[in-house]
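Remarks on the structure that follows.
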Amino acid sequence: MIGYDTIHFYLEATHTNLGDIECVASKLEHEGLNRSTGEVWNSGHVGNLKVSVGGAGLVIKGSLAGFYYPNNTLPLSRGEVGRALESLSDTLQVDVKGASITRLDITSNFIMTHPARAYYDVLGPLTYFHRVRATGNTLYYCRGKENLQTLCFYDKERECTDSHKELPKVYKDSGNVLRYEARFNGRLGRQFNRPYVHASTLQSMDFFKEAVGKWGDLYFNINKLHNSLNMENIKTVSQAKDYICAIALQSLGADDVYKLLSEMKARRIFQDRNSYSRLKKSLENITHKFPSNGTNDLSRELDDEIRSVMAYA
């Protein structure tokens with residue numbers, strides 16, 4: 001199943017009444033002062049959600065799936081998101097359906113043949129994204145300085161164990177649970193090519209299918225690393241040299257290649273900063289010249305899982 005997880009809401013004060021704002025503020029345990037503006041803010045937690053209230057409006061951050069379900073192990077389906085919003089509105093005593101969405105996570109869990117971390121090695125570079133192996137159990141792709149999009153692959157079973165969450169029996173019996181999240185961090189109207197994205201928009205079938213489509217497209221744009229390379233295109237010494245380089249790059253692994261590039265940048269090997277981007281692009285071009293003879297089993301398994309989710313969303 002695919003659905004929503006972490007969602008950030010912003011409800012402008014002008015879109016509700018002062019009494020509702022004051023009612024929410026009274027439920028929060030902390031009061032603070034913004035030193036730059038002199039504005040008083042109340043903040044605290046409502047369930048698992050972090051809530052802040054000030055003169056500008058209401059901010060809610062956290063996993064709506066975790067608020068509505070016992071924990072956020074299961075994503076929040078499109079069919080359930082309306083009921084979750086109603087539950088949140090009842091709890092806060094303010095209608096949140098008109099709130100703007102400032103972050104949205106689309107996610108799904110997969111029961112895999114191998115441990116989750118085994119699949120990270122077949123996930124290579126992604127154009128415009130920086131690949132970061134944060135821990136042995138987590139792989140990130142972060143886009144640019146603003147980081148408007150983040151992809152995250154991680155071991156959901158390990159995450160539940162570390163955070164003392166109950167893992168559903170269907171996952172517990174498997175033991176190999178890979179989670180893939182696409183996080184849209186800000187400017188959602190621009191990212192989804194519409195004037196705005198409100199909480200009520202999340203219930204729309206058209207919007208949900210578009211979000212799932214972006215989730216899948218981002219995954220399939222990742223360059224997959226395979227075990228064997230195709231030699232059929234080799235006709236010249238130069239091509240043979242590129243083939244050997246492609247094998248060496250694959251053996252080295254994307255993380256180590258990025259470390260070498262970072263070390264070069266730190267040592268200021270090139271005077272022109274654009275040289276690092278040209279070098280990175282040149283290395284990527286070498287790997288693209290030699291596709292795999294056959295799809296790697298791990299890559300094929302993960303590809304099939306993603307396609308299945310997209311087909312039935």
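In the structure tokens, each chain is lettered A, B, ... as it comes, each chain's residues begin at 1, and ligands are numbered from 1 in order of appearance.
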
Within region 135-260 of chain A, find each residue whose DSSP state, derived from the backbone, is strand (DSSP E or B), and express the selection as a list in words. Thr135, Thr138, Leu139, Tyr140, Tyr141, Cys142, Arg143, Gln149, Thr150, Leu151, Cys152, Phe153, Tyr154, Asp155, Val177, Leu178, Arg179, Tyr180, Glu181, Ala182, Arg183, Phe184, Asn185, His198, Lys224 and Leu229 of chain A

Please compute the CA of Gly66 (chain A)-CA of Asp217 (chain A) distance, one decimal, in Å. 26.1 Å

Excluding Asn42 (chain A) and its own-chain neighbours fewer than 3 positions away, which residues fall within 9 Å of it when counting only C-alpha atoms? Please give them as a ChimeraX atom specification. /A:24-26,28-33,51-54

For the selection you just gave me, I'd like the residues written to a file as a compact mmCIF listing (two decimals), in the first residue's frame, keeping N, CA and C atoms.
```
# COMPACT_ATOMS: atom_id res chain seq x y z
N VAL A 24 -6.70 26.60 20.41
CA VAL A 24 -5.56 25.71 20.16
C VAL A 24 -4.41 26.10 21.08
N ALA A 25 -4.15 27.40 21.21
CA ALA A 25 -3.04 27.88 22.05
C ALA A 25 -3.20 27.41 23.49
N SER A 26 -4.43 27.34 23.96
CA SER A 26 -4.66 26.93 25.35
C SER A 26 -4.34 25.46 25.59
N LEU A 28 -1.64 23.99 24.39
CA LEU A 28 -0.20 23.79 24.24
C LEU A 28 0.55 24.18 25.51
N GLU A 29 1.63 23.44 25.77
CA GLU A 29 2.29 23.55 27.07
C GLU A 29 3.36 24.62 27.18
N HIS A 30 3.82 25.15 26.03
CA HIS A 30 4.92 26.11 26.07
C HIS A 30 4.51 27.45 25.48
N GLU A 31 5.06 28.52 26.06
CA GLU A 31 4.85 29.86 25.51
C GLU A 31 6.20 30.52 25.33
N GLY A 32 6.39 31.17 24.19
CA GLY A 32 7.68 31.81 23.91
C GLY A 32 7.49 33.12 23.19
N LEU A 33 8.61 33.84 23.04
CA LEU A 33 8.59 35.15 22.40
C LEU A 33 9.57 35.17 21.25
N VAL A 51 2.82 21.29 17.31
CA VAL A 51 1.89 22.36 16.95
C VAL A 51 2.41 23.68 17.49
N SER A 52 2.37 24.72 16.65
CA SER A 52 2.77 26.07 17.05
C SER A 52 1.69 27.05 16.64
N VAL A 53 1.41 28.03 17.52
CA VAL A 53 0.37 29.02 17.26
C VAL A 53 0.92 30.41 17.55
N GLY A 54 0.70 31.33 16.62
CA GLY A 54 1.09 32.72 16.82
C GLY A 54 0.15 33.63 16.09
```

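The closest residue to Ala199 (chain A), picked from A:Tyr312, A:Tyr68, A:Phe9, A:Phe270 and counting only C-alpha atoms, is A:Phe9.
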
All residues 12 Å or closer to Ser89 (chain A), only C-alpha atoms, same chain fewer than 2 positions away omitted, as a ChimeraX atom specification: /A:11,20,24,46,60,64,67-68,82-87,91-99,199

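Taking CA of Leu126 (chain A) as the reference point, CA of Asn223 (chain A) is found at 6.0 Å.
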
List the spatial neighbours of Asn176 (chain A) as a PDB file with C-alpha atoms, in the first residue's frame - criterion: any atom at most 7 Å away, only C-alpha atoms, same-chain residues fewer than 2 positions off excluded.
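Everything below was put into result.pdb:
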```
ATOM      1  CA  ILE A 111       8.550  -6.982   1.913  1.00  0.00           C
ATOM      2  CA  MET A 112      11.791  -7.969   0.206  1.00  0.00           C
ATOM      3  CA  THR A 113      13.758 -11.171  -0.339  1.00  0.00           C
ATOM      4  CA  HIS A 114      16.934  -9.733   1.200  1.00  0.00           C
ATOM      5  CA  PRO A 115      17.672  -7.265   4.034  1.00  0.00           C
ATOM      6  CA  ALA A 116      16.855  -3.668   3.104  1.00  0.00           C
ATOM      7  CA  SER A 174       9.081 -11.256   6.991  1.00  0.00           C
ATOM      8  CA  LEU A 178      12.305  -1.711   2.887  1.00  0.00           C
TER       9      LEU A 178
END
```

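Of the listed residues A:Tyr196, A:Tyr120, A:Tyr128, A:Tyr180, the one whose atoms come nearest to Asn221 (chain A) is A:Tyr128, with distances taken using only C-alpha atoms.
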
Any idea what the distance is between CA of Asp173 (chain A) and CA of Asn137 (chain A)? 19.3 Å
